[in-house]
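One file, structure17.cif, is given below (mmCIF, C-alpha atoms).
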data_start
#
loop_
_atom_site.group_PDB
_atom_site.id
_atom_site.type_symbol
_atom_site.label_atom_id
_atom_site.label_comp_id
_atom_site.auth_asym_id
_atom_site.auth_seq_id
_atom_site.Cartn_x
_atom_site.Cartn_y
_atom_site.Cartn_z
ATOM 1 C CA LEU J 1 -94.783 -42.914 4.053
ATOM 2 C CA GLY J 2 -93.936 -40.452 6.783
ATOM 3 C CA VAL J 3 -90.579 -40.406 8.496
ATOM 4 C CA CYS J 4 -90.614 -40.711 12.285
ATOM 5 C CA VAL J 5 -87.714 -39.053 14.076
ATOM 6 C CA SER J 6 -87.210 -39.696 17.781
ATOM 7 C CA ILE J 7 -84.697 -38.789 20.457
ATOM 8 C CA PRO J 8 -82.150 -41.606 21.045
ATOM 9 C CA ALA J 9 -82.845 -43.848 24.031
ATOM 10 C CA SER J 10 -79.239 -44.360 25.171
ATOM 11 C CA ARG J 11 -77.562 -42.069 27.688
ATOM 12 C CA SER J 12 -74.261 -40.212 27.752
ATOM 13 C CA PHE J 13 -72.907 -38.086 30.562
ATOM 14 C CA ILE J 14 -70.968 -34.832 30.406
ATOM 15 C CA LYS J 15 -69.977 -32.145 32.864
ATOM 16 C CA ILE J 16 -69.178 -28.453 32.544
ATOM 17 C CA ILE J 17 -66.284 -27.458 34.793
ATOM 18 C CA ASP J 18 -64.727 -24.274 36.199
ATOM 19 C CA ILE J 19 -68.028 -22.380 36.342
ATOM 20 C CA PRO J 20 -67.922 -19.176 38.440
ATOM 21 C CA PHE J 21 -70.298 -19.756 41.347
ATOM 22 C CA PHE J 22 -70.580 -16.170 42.583
ATOM 23 C CA GLN J 23 -71.586 -13.094 40.651
ATOM 24 C CA ASP J 24 -68.564 -10.970 39.804
ATOM 25 C CA GLY J 25 -67.219 -9.085 42.805
ATOM 26 C CA THR J 26 -69.923 -10.325 45.198
ATOM 27 C CA THR J 27 -70.788 -13.274 47.403
ATOM 28 C CA ASN J 28 -74.170 -13.651 45.683
ATOM 29 C CA PRO J 29 -74.355 -17.012 43.884
ATOM 30 C CA PHE J 30 -75.889 -17.388 40.451
ATOM 31 C CA SER J 31 -79.325 -18.981 40.741
ATOM 32 C CA ASN J 32 -80.412 -22.195 39.055
ATOM 33 C CA THR J 33 -82.784 -20.127 36.933
ATOM 34 C CA GLU J 34 -79.956 -17.924 35.666
ATOM 35 C CA VAL J 35 -77.782 -20.935 34.866
ATOM 36 C CA GLU J 36 -80.651 -22.732 33.129
ATOM 37 C CA HIS J 37 -81.355 -19.685 30.949
ATOM 38 C CA GLN J 38 -77.713 -19.525 29.878
ATOM 39 C CA LEU J 39 -77.581 -23.253 29.138
ATOM 40 C CA GLN J 40 -80.665 -22.980 26.944
ATOM 41 C CA HIS J 41 -78.783 -20.462 24.801
ATOM 42 C CA SER J 42 -75.477 -22.351 24.797
ATOM 43 C CA ILE J 43 -74.018 -25.003 22.503
ATOM 44 C CA ILE J 44 -75.676 -27.733 24.593
ATOM 45 C CA PRO J 45 -78.649 -29.075 22.551
ATOM 46 C CA SER J 46 -81.538 -28.637 24.992
ATOM 47 C CA ASP J 47 -83.674 -31.256 23.213
ATOM 48 C CA TYR J 48 -81.138 -33.901 24.227
ATOM 49 C CA VAL J 49 -80.826 -32.875 27.885
ATOM 50 C CA VAL J 50 -82.620 -35.439 30.052
ATOM 51 C CA HIS J 51 -81.500 -34.070 33.402
ATOM 52 C CA TRP J 52 -78.988 -31.555 34.685
ATOM 53 C CA CYS J 53 -77.815 -30.327 38.058
ATOM 54 C CA TYR J 54 -75.736 -27.345 39.119
ATOM 55 C CA VAL J 55 -73.473 -28.029 42.095
ATOM 56 C CA GLN J 56 -70.998 -25.872 43.995
ATOM 57 C CA ASN J 57 -67.720 -27.802 44.126
ATOM 58 C CA SER J 58 -67.472 -27.492 47.906
ATOM 59 C CA GLN J 59 -68.987 -25.353 50.630
ATOM 60 C CA LYS J 60 -66.146 -22.819 50.413
ATOM 61 C CA ALA J 61 -65.419 -23.088 46.681
ATOM 62 C CA ASP J 62 -65.997 -20.200 44.290
ATOM 63 C CA SER J 63 -66.549 -22.560 41.362
ATOM 64 C CA ALA J 64 -69.262 -25.005 40.381
ATOM 65 C CA THR J 65 -69.940 -27.908 38.037
ATOM 66 C CA VAL J 66 -72.951 -28.693 35.874
ATOM 67 C CA TRP J 67 -73.641 -32.406 35.416
ATOM 68 C CA ILE J 68 -75.736 -33.272 32.369
ATOM 69 C CA ASP J 69 -77.413 -36.513 31.296
ATOM 70 C CA LEU J 70 -77.867 -36.598 27.523
ATOM 71 C CA ALA J 71 -80.169 -38.714 25.390
ATOM 72 C CA ASP J 72 -77.615 -40.038 22.931
ATOM 73 C CA SER J 73 -76.869 -42.743 20.402
ATOM 74 C CA GLN J 74 -75.201 -45.964 21.507
ATOM 75 C CA GLN J 75 -71.968 -44.589 20.051
ATOM 76 C CA GLY J 76 -72.256 -41.424 22.166
ATOM 77 C CA THR J 77 -72.247 -39.176 19.101
ATOM 78 C CA CYS J 78 -73.833 -36.162 20.793
ATOM 79 C CA ALA J 79 -71.490 -36.228 23.785
ATOM 80 C CA SER J 80 -68.442 -36.745 21.574
ATOM 81 C CA SER J 81 -69.326 -33.678 19.529
ATOM 82 C CA LEU J 82 -69.475 -31.541 22.694
ATOM 83 C CA ILE J 83 -66.518 -32.803 24.749
ATOM 84 C CA GLY J 84 -63.579 -30.419 24.627
ATOM 85 C CA TRP J 85 -65.588 -27.366 23.619
ATOM 86 C CA SER J 86 -65.387 -24.177 25.683
ATOM 87 C CA PHE J 87 -67.922 -21.383 26.038
ATOM 88 C CA PHE J 88 -68.883 -18.660 28.502
ATOM 89 C CA LEU J 89 -71.161 -19.357 31.458
ATOM 90 C CA ASN J 90 -71.718 -17.086 34.476
ATOM 91 C CA GLY J 91 -69.233 -14.670 32.931
ATOM 92 C CA GLY J 92 -66.349 -17.141 32.820
ATOM 93 C CA GLN J 93 -64.898 -19.503 30.249
ATOM 94 C CA VAL J 94 -65.926 -23.078 30.974
ATOM 95 C CA THR J 95 -65.090 -26.431 29.391
ATOM 96 C CA ILE J 96 -67.168 -29.513 28.601
ATOM 97 C CA LYS J 97 -65.714 -32.820 29.781
ATOM 98 C CA GLY J 98 -66.884 -36.397 29.530
ATOM 99 C CA THR J 99 -67.814 -38.227 32.716
ATOM 100 C CA LYS J 100 -69.290 -41.471 33.957
ATOM 101 C CA VAL J 101 -72.738 -41.805 35.446
ATOM 102 C CA HIS J 102 -72.827 -40.023 38.806
ATOM 103 C CA THR J 103 -74.700 -41.168 41.881
ATOM 104 C CA ARG J 104 -75.951 -37.812 43.084
ATOM 105 C CA THR J 105 -79.220 -37.951 44.988
ATOM 106 C CA PRO J 106 -81.745 -36.154 42.786
ATOM 107 C CA GLN J 107 -83.446 -33.010 44.030
ATOM 108 C CA CYS J 108 -86.831 -32.292 42.523
ATOM 109 C CA GLN J 109 -86.799 -28.964 40.676
ATOM 110 C CA ARG J 110 -90.536 -28.645 41.357
ATOM 111 C CA CYS J 111 -90.960 -29.155 45.109
ATOM 112 C CA TRP J 112 -87.215 -29.049 46.023
ATOM 113 C CA LYS J 113 -87.400 -32.222 48.110
ATOM 114 C CA TRP J 114 -84.623 -34.806 47.795
ATOM 115 C CA GLY J 115 -84.870 -38.373 46.519
ATOM 116 C CA HIS J 116 -87.004 -37.974 43.398
ATOM 117 C CA MET J 117 -87.102 -36.059 40.121
ATOM 118 C CA MET J 118 -89.775 -33.795 38.660
ATOM 119 C CA GLY J 119 -91.432 -36.605 36.718
ATOM 120 C CA MET J 120 -92.074 -38.502 39.972
ATOM 121 C CA CYS J 121 -93.211 -35.506 42.029
ATOM 122 C CA HIS J 122 -96.589 -35.851 43.768
ATOM 123 C CA CYS J 123 -96.641 -32.408 45.347
ATOM 124 C CA PRO J 124 -99.899 -30.614 44.403
ATOM 125 C CA ALA J 125 -98.107 -27.349 43.578
ATOM 126 C CA VAL J 126 -94.661 -26.026 42.767
ATOM 127 C CA HIS J 127 -92.619 -24.528 45.581
ATOM 128 C CA CYS J 128 -90.183 -21.654 45.595
ATOM 129 C CA PRO J 129 -86.706 -22.716 46.776
ATOM 130 C CA ILE J 130 -86.226 -19.302 48.405
ATOM 131 C CA CYS J 131 -89.332 -18.991 50.593
ATOM 132 C CA SER J 132 -91.143 -22.349 50.130
ATOM 133 C CA GLY J 133 -94.172 -20.470 48.785
ATOM 134 C CA PRO J 134 -96.436 -21.942 46.065
ATOM 135 C CA HIS J 135 -94.723 -20.235 43.132
ATOM 136 C CA THR J 136 -91.607 -20.635 41.010
ATOM 137 C CA GLU J 137 -88.281 -19.025 41.834
ATOM 138 C CA ALA J 138 -88.619 -16.886 38.698
ATOM 139 C CA ASN J 139 -91.800 -15.300 40.111
ATOM 140 C CA HIS J 140 -90.537 -14.874 43.677
ATOM 141 C CA HIS J 141 -89.964 -11.121 43.378
ATOM 142 C CA SER J 142 -93.429 -10.427 41.973
ATOM 143 C CA ILE J 143 -95.465 -12.793 44.177
ATOM 144 C CA ALA J 144 -93.706 -13.378 47.509
ATOM 145 C CA GLY J 145 -94.886 -10.982 50.185
ATOM 146 C CA CYS J 146 -91.339 -10.339 51.343
ATOM 147 C CA CYS J 147 -90.269 -8.933 47.962
ATOM 148 C CA CYS J 148 -93.348 -7.611 46.152
ATOM 149 C CA GLY J 149 -93.703 -4.665 48.523
ATOM 150 C CA ASN J 150 -96.814 -3.042 49.948
ATOM 151 C CA PRO J 151 -97.624 0.526 48.874
ATOM 152 C CA LYS J 152 -100.558 0.680 51.339
ATOM 153 C CA ALA J 153 -98.392 0.069 54.388
ATOM 154 C CA THR J 154 -97.368 2.915 56.687
ATOM 155 C CA PRO J 155 -94.762 3.753 55.672
ATOM 156 C CA PRO J 156 -95.052 2.143 52.199
ATOM 157 C CA ILE J 157 -92.819 -0.889 51.681
ATOM 158 C CA PRO J 158 -90.993 -0.713 48.334
ATOM 159 C CA PRO J 159 -90.590 -3.892 46.279
ATOM 160 C CA THR J 160 -87.229 -5.582 45.948
ATOM 161 C CA PRO J 161 -85.625 -4.602 42.615
ATOM 162 C CA VAL J 162 -85.976 -7.370 40.043
ATOM 163 C CA ASP J 163 -82.220 -7.502 39.459
ATOM 164 C CA ALA J 164 -81.430 -7.706 43.194
ATOM 165 C CA PRO J 165 -81.396 -10.947 45.208
ATOM 166 C CA CYS J 166 -83.991 -11.475 47.921
ATOM 167 C CA SER J 167 -82.433 -10.044 51.076
ATOM 168 C CA HIS J 168 -85.122 -11.353 53.416
ATOM 169 C CA VAL J 169 -85.078 -14.453 55.600
ATOM 170 C CA HIS J 170 -85.196 -17.550 53.405
ATOM 171 C CA ALA J 171 -87.095 -20.716 54.328
ATOM 172 C CA CYS J 172 -85.746 -24.085 53.182
ATOM 173 C CA ILE J 173 -88.557 -26.549 52.546
ATOM 174 C CA ASN J 174 -86.366 -29.422 53.774
ATOM 175 C CA TYR J 175 -84.916 -28.013 56.981
ATOM 176 C CA SER J 176 -87.191 -24.983 57.466
ATOM 177 C CA ASN J 177 -83.988 -23.088 58.186
ATOM 178 C CA PRO J 178 -83.039 -19.606 56.919
ATOM 179 C CA HIS J 179 -81.457 -20.616 53.616
ATOM 180 C CA ALA J 180 -82.660 -21.438 50.114
ATOM 181 C CA ALA J 181 -83.440 -25.077 49.331
ATOM 182 C CA ASN J 182 -81.269 -25.047 46.202
ATOM 183 C CA ASN J 183 -78.099 -23.622 47.697
ATOM 184 C CA TRP J 184 -75.009 -24.873 49.510
ATOM 185 C CA PRO J 185 -75.848 -23.715 53.088
ATOM 186 C CA CYS J 186 -78.419 -26.532 53.195
ATOM 187 C CA SER J 187 -76.993 -29.686 54.767
ATOM 188 C CA TYR J 188 -78.941 -31.776 52.274
ATOM 189 C CA TRP J 189 -77.173 -29.956 49.457
ATOM 190 C CA CYS J 190 -73.761 -30.619 51.006
ATOM 191 C CA HIS J 191 -74.570 -34.345 51.356
ATOM 192 C CA GLN J 192 -76.180 -34.805 47.950
ATOM 193 C CA PHE J 193 -73.748 -37.587 47.013
ATOM 194 C CA ASN J 194 -74.433 -39.448 50.271
ATOM 195 C CA TRP J 195 -77.815 -41.135 49.896
ATOM 196 C CA THR J 196 -77.513 -42.901 53.265
ATOM 197 C CA TRP J 197 -77.138 -39.567 55.070
ATOM 198 C CA ILE J 198 -80.098 -38.040 53.245
ATOM 199 C CA LYS J 199 -82.313 -41.050 53.950
ATOM 200 C CA ASP J 200 -81.391 -41.136 57.651
ATOM 201 C CA GLN J 201 -81.715 -37.379 58.028
ATOM 202 C CA SER J 202 -85.127 -37.308 56.362
ATOM 203 C CA ILE J 203 -86.354 -39.765 58.992
ATOM 204 C CA GLN J 204 -84.971 -37.661 61.852
ATOM 205 C CA ASP J 205 -86.084 -34.327 60.472
ATOM 206 C CA THR J 206 -89.864 -34.341 60.210
ATOM 207 C CA SER J 207 -89.763 -31.133 58.170
ATOM 208 C CA ALA J 208 -88.071 -33.084 55.390
ATOM 209 C CA CYS J 209 -91.050 -35.410 55.099
ATOM 210 C CA LYS J 210 -93.842 -32.886 54.752
ATOM 211 C CA ASP J 211 -94.544 -29.575 53.114
ATOM 212 C CA VAL J 212 -93.326 -26.690 55.241
ATOM 213 C CA PRO J 213 -95.573 -23.615 55.036
ATOM 214 C CA PRO J 214 -93.874 -20.378 54.029
ATOM 215 C CA PRO J 215 -93.033 -17.837 56.734
ATOM 216 C CA PRO J 216 -95.595 -15.095 57.500
ATOM 217 C CA THR J 217 -95.465 -12.417 54.826
ATOM 218 C CA THR J 218 -97.242 -9.190 54.027
ATOM 219 C CA PRO J 219 -99.618 -9.626 51.070
ATOM 220 C CA CYS J 220 -99.025 -7.530 47.966
ATOM 221 C CA GLY J 221 -100.931 -4.331 47.500
#
In structure tokens, how does this file's structure come out?
Amino acid sequence: LGVCVSIPASRSFIKIIDIPFFQDGTTNPFSNTEVEHQLQHSIIPSDYVVHWCYVQNSQKADSATVWIDLADSQQGTCASSLIGWSFFLNGGQVTIKGTKVHTRTPQCQRCWKWGHMMGMCHCPAVHCPICSGPHTEANHHSIAGCCCGNPKATPPIPPTPVDAPCSHVHACINYSNPHAANNWPCSYWCHQFNWTWIKDQSIQDTSACKDVPPPPTTPCG
């Protein structure tokens, strides 16, 4: 007889505190992609992570918190084994704490709209949180017209260095304002724990209820 091993169905909740929000010596925040990559190589067992979110502690704070929902046993064995541990994230020493279920409004990591998670997303394509284009944030530099450059232009437009943040005008898919959809300047981001505000605002702001096309860009090559 074969042995069937499955991920536990119960949930536990932990948070990682005191995370540096800005890159050392700058006002450039670490991106969700950078944080996710570090978490995947941390002591957090990625197979047990059901959902996570990375949140700046306040609009003027230089620290952030990662909230993580874990698939766990009814006794909370996985969470108990992690609580109290410290490791390095974003260049700083951070600590894992236990927490209760949080009521943050989910933001889809696929289309970057608020009120649903990736598994419930009906958007036909992924969207970039930086420019709202139909590509992932990881591929923004190589695909987005604002960053990929144009050697045929007069004069030629050089591409944005891969290790440099996009310095062009951003386009939030929720507000269609000049900021990234996954960063604190967005009013939705600042009100993520206030579902009533998000629901009311989405009714008032028509751009929050439909896909916003990306700003005009120069095609690559």
Contact residues around Asp163 of chain J with all atoms listed in the file at 12 Å, ignoring same-chain residues under 2 positions, as a ChimeraX atom specification: /J:28,30-31,34,138,140-142,147,159-161,165-167
How big is the axis-aligned box around the listed atoms of segment 141-154 of chain J once 6 Å is added on each side, and where is its centre? Give both in Å to one decimal, as lines of an AutoDock Vina configuration file.
center_x = -95.3
center_y = -5.2
center_z = 49.3
size_x = 22.6
size_y = 28.3
size_z = 26.7
Taking the file as shown, what set of residues would the PyMOL selection byres ((chain J and resi 79-95) around 9) give back, as a PyMOL selection string? chain J and resi 12-24+30+34-35+38-39+42-44+70+72+75-78+96-98
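Taking all atoms listed in the file into account, Tyr175 of chain J lies nearest to J:Gln201 out of the set J:Asn57, J:Gln201, J:Thr136, J:Thr99.
Going from atom CA of Cys190 of chain J to atom CA of Gly145 of chain J covers 28.9 Å.
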How many Å separate atom CA of Asn194 of chain J from atom CA of Ser132 of chain J? 23.9 Å
Quick check, in Å to one decimal: how far apart do atom CA of Ser202 of chain J and atom CA of Val101 of chain J lie? 24.7 Å
What lies within 9 Å of His127 of chain J using all atoms listed in the file, ignoring chain neighbours under 3 positions off, as a list in words? Gln109, Arg110, Cys111, Trp112, Cys123, Ile130, Cys131, Ser132, Gly133, Pro134, His135, Thr136, Glu137 and Ile173 of chain J
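Excluding Gln107 of chain J itself and same-chain residues fewer than 4 positions from it, the residues having an atom within 7 Å of it are Trp112, Lys113, Trp114, Gly115, His116 and Met117 of chain J, counting all atoms listed in the file.
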All residues 6 Å or closer to segment 51-53 of chain J, all atoms listed in the file, same chain fewer than 4 positions away omitted, as a PyMOL selection string: chain J and resi 66-69
Compile the contact shell of Gln192 of chain J as a PyMOL selection string: residues with an atom at most 8 Å away, counting all atoms listed in the file, same-chain residues fewer than 6 positions apart removed. chain J and resi 104-106+198
Okay, now the selection with C-alpha atoms, as a PDB file, in the coordinates of the input?
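selection-v9.pdb written:
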ATOM      1  CA  ARG J 104     -75.951 -37.812  43.084  1.00  0.00           C
ATOM      2  CA  THR J 105     -79.220 -37.951  44.988  1.00  0.00           C
ATOM      3  CA  PRO J 106     -81.745 -36.154  42.786  1.00  0.00           C
ATOM      4  CA  ILE J 198     -80.098 -38.040  53.245  1.00  0.00           C
TER       5      ILE J 198
END
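Considering all atoms listed in the file, the residue among J:Ala71, J:Ser58, J:Ser63, J:Asn139 positioned nearest to Pro185 of chain J is J:Ser58.
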Can you work out which one of J:Gln204, J:Ser187, J:Asn174, J:Gln74 has the shortest atom-to-atom distance to Ser10 of chain J, counting all atoms listed in the file? J:Gln74
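Each of J:Thr154, J:Pro129, J:Asn32, J:Arg11 was checked against Asn177 of chain J using all atoms listed in the file; the smallest atom-to-atom distance is that of J:Pro129.
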Filled-in N, CA and C atoms of segment 180-204 of chain J, supplied as a tab-separated table (two decimals), in the coordinates of the input:
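Resulting contents of selection_32.tsv:
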chain	number	residue	atom	x	y	z
J	180	ALA	N	-81.91	-20.94	51.26
J	180	ALA	CA	-82.66	-21.44	50.11
J	180	ALA	C	-82.47	-22.95	49.98
J	181	ALA	N	-83.48	-23.62	49.45
J	181	ALA	CA	-83.44	-25.08	49.33
J	181	ALA	C	-82.50	-25.55	48.24
J	182	ASN	N	-82.12	-24.65	47.33
J	182	ASN	CA	-81.27	-25.05	46.20
J	182	ASN	C	-79.87	-24.44	46.31
J	183	ASN	N	-79.40	-24.25	47.53
J	183	ASN	CA	-78.10	-23.62	47.70
J	183	ASN	C	-77.27	-24.35	48.74
J	184	TRP	N	-75.95	-24.11	48.71
J	184	TRP	CA	-75.01	-24.87	49.51
J	184	TRP	C	-75.16	-24.76	51.02
J	185	PRO	N	-75.73	-23.70	51.63
J	185	PRO	CA	-75.85	-23.72	53.09
J	185	PRO	C	-76.71	-24.85	53.61
J	186	CYS	N	-77.56	-25.43	52.76
J	186	CYS	CA	-78.42	-26.53	53.20
J	186	CYS	C	-77.59	-27.80	53.37
J	187	SER	N	-77.75	-28.46	54.51
J	187	SER	CA	-76.99	-29.69	54.77
J	187	SER	C	-77.34	-30.78	53.76
J	188	TYR	N	-78.57	-30.80	53.29
J	188	TYR	CA	-78.94	-31.78	52.27
J	188	TYR	C	-78.11	-31.55	51.01
J	189	TRP	N	-77.94	-30.29	50.65
J	189	TRP	CA	-77.17	-29.96	49.46
J	189	TRP	C	-75.73	-30.43	49.60
J	190	CYS	N	-75.16	-30.23	50.77
J	190	CYS	CA	-73.76	-30.62	51.01
J	190	CYS	C	-73.58	-32.13	51.02
J	191	HIS	N	-74.65	-32.88	51.29
J	191	HIS	CA	-74.57	-34.34	51.36
J	191	HIS	C	-75.27	-35.01	50.18
J	192	GLN	N	-75.40	-34.29	49.07
J	192	GLN	CA	-76.18	-34.80	47.95
J	192	GLN	C	-75.61	-36.08	47.34
J	193	PHE	N	-74.33	-36.36	47.53
J	193	PHE	CA	-73.75	-37.59	47.01
J	193	PHE	C	-73.74	-38.70	48.06
J	194	ASN	N	-74.38	-38.47	49.19
J	194	ASN	CA	-74.43	-39.45	50.27
J	194	ASN	C	-75.89	-39.80	50.54
J	195	TRP	N	-76.40	-40.78	49.79
J	195	TRP	CA	-77.82	-41.14	49.90
J	195	TRP	C	-78.16	-41.65	51.29
J	196	THR	N	-77.24	-42.37	51.93
J	196	THR	CA	-77.51	-42.90	53.26
J	196	THR	C	-77.77	-41.77	54.25
J	197	TRP	N	-76.95	-40.71	54.17
J	197	TRP	CA	-77.14	-39.57	55.07
J	197	TRP	C	-78.49	-38.92	54.83
J	198	ILE	N	-78.83	-38.70	53.56
J	198	ILE	CA	-80.10	-38.04	53.24
J	198	ILE	C	-81.28	-38.87	53.72
J	199	LYS	N	-81.22	-40.18	53.52
J	199	LYS	CA	-82.31	-41.05	53.95
J	199	LYS	C	-82.46	-41.03	55.47
J	200	ASP	N	-81.34	-41.15	56.19
J	200	ASP	CA	-81.39	-41.14	57.65
J	200	ASP	C	-81.85	-39.78	58.18
J	201	GLN	N	-81.36	-38.71	57.56
J	201	GLN	CA	-81.72	-37.38	58.03
J	201	GLN	C	-83.19	-37.08	57.78
J	202	SER	N	-83.72	-37.56	56.67
J	202	SER	CA	-85.13	-37.31	56.36
J	202	SER	C	-86.05	-37.99	57.37
J	203	ILE	N	-85.57	-39.08	57.96
J	203	ILE	CA	-86.35	-39.76	58.99
J	203	ILE	C	-86.31	-38.97	60.29
J	204	GLN	N	-85.12	-38.42	60.61
J	204	GLN	CA	-84.97	-37.66	61.85
J	204	GLN	C	-85.66	-36.30	61.78
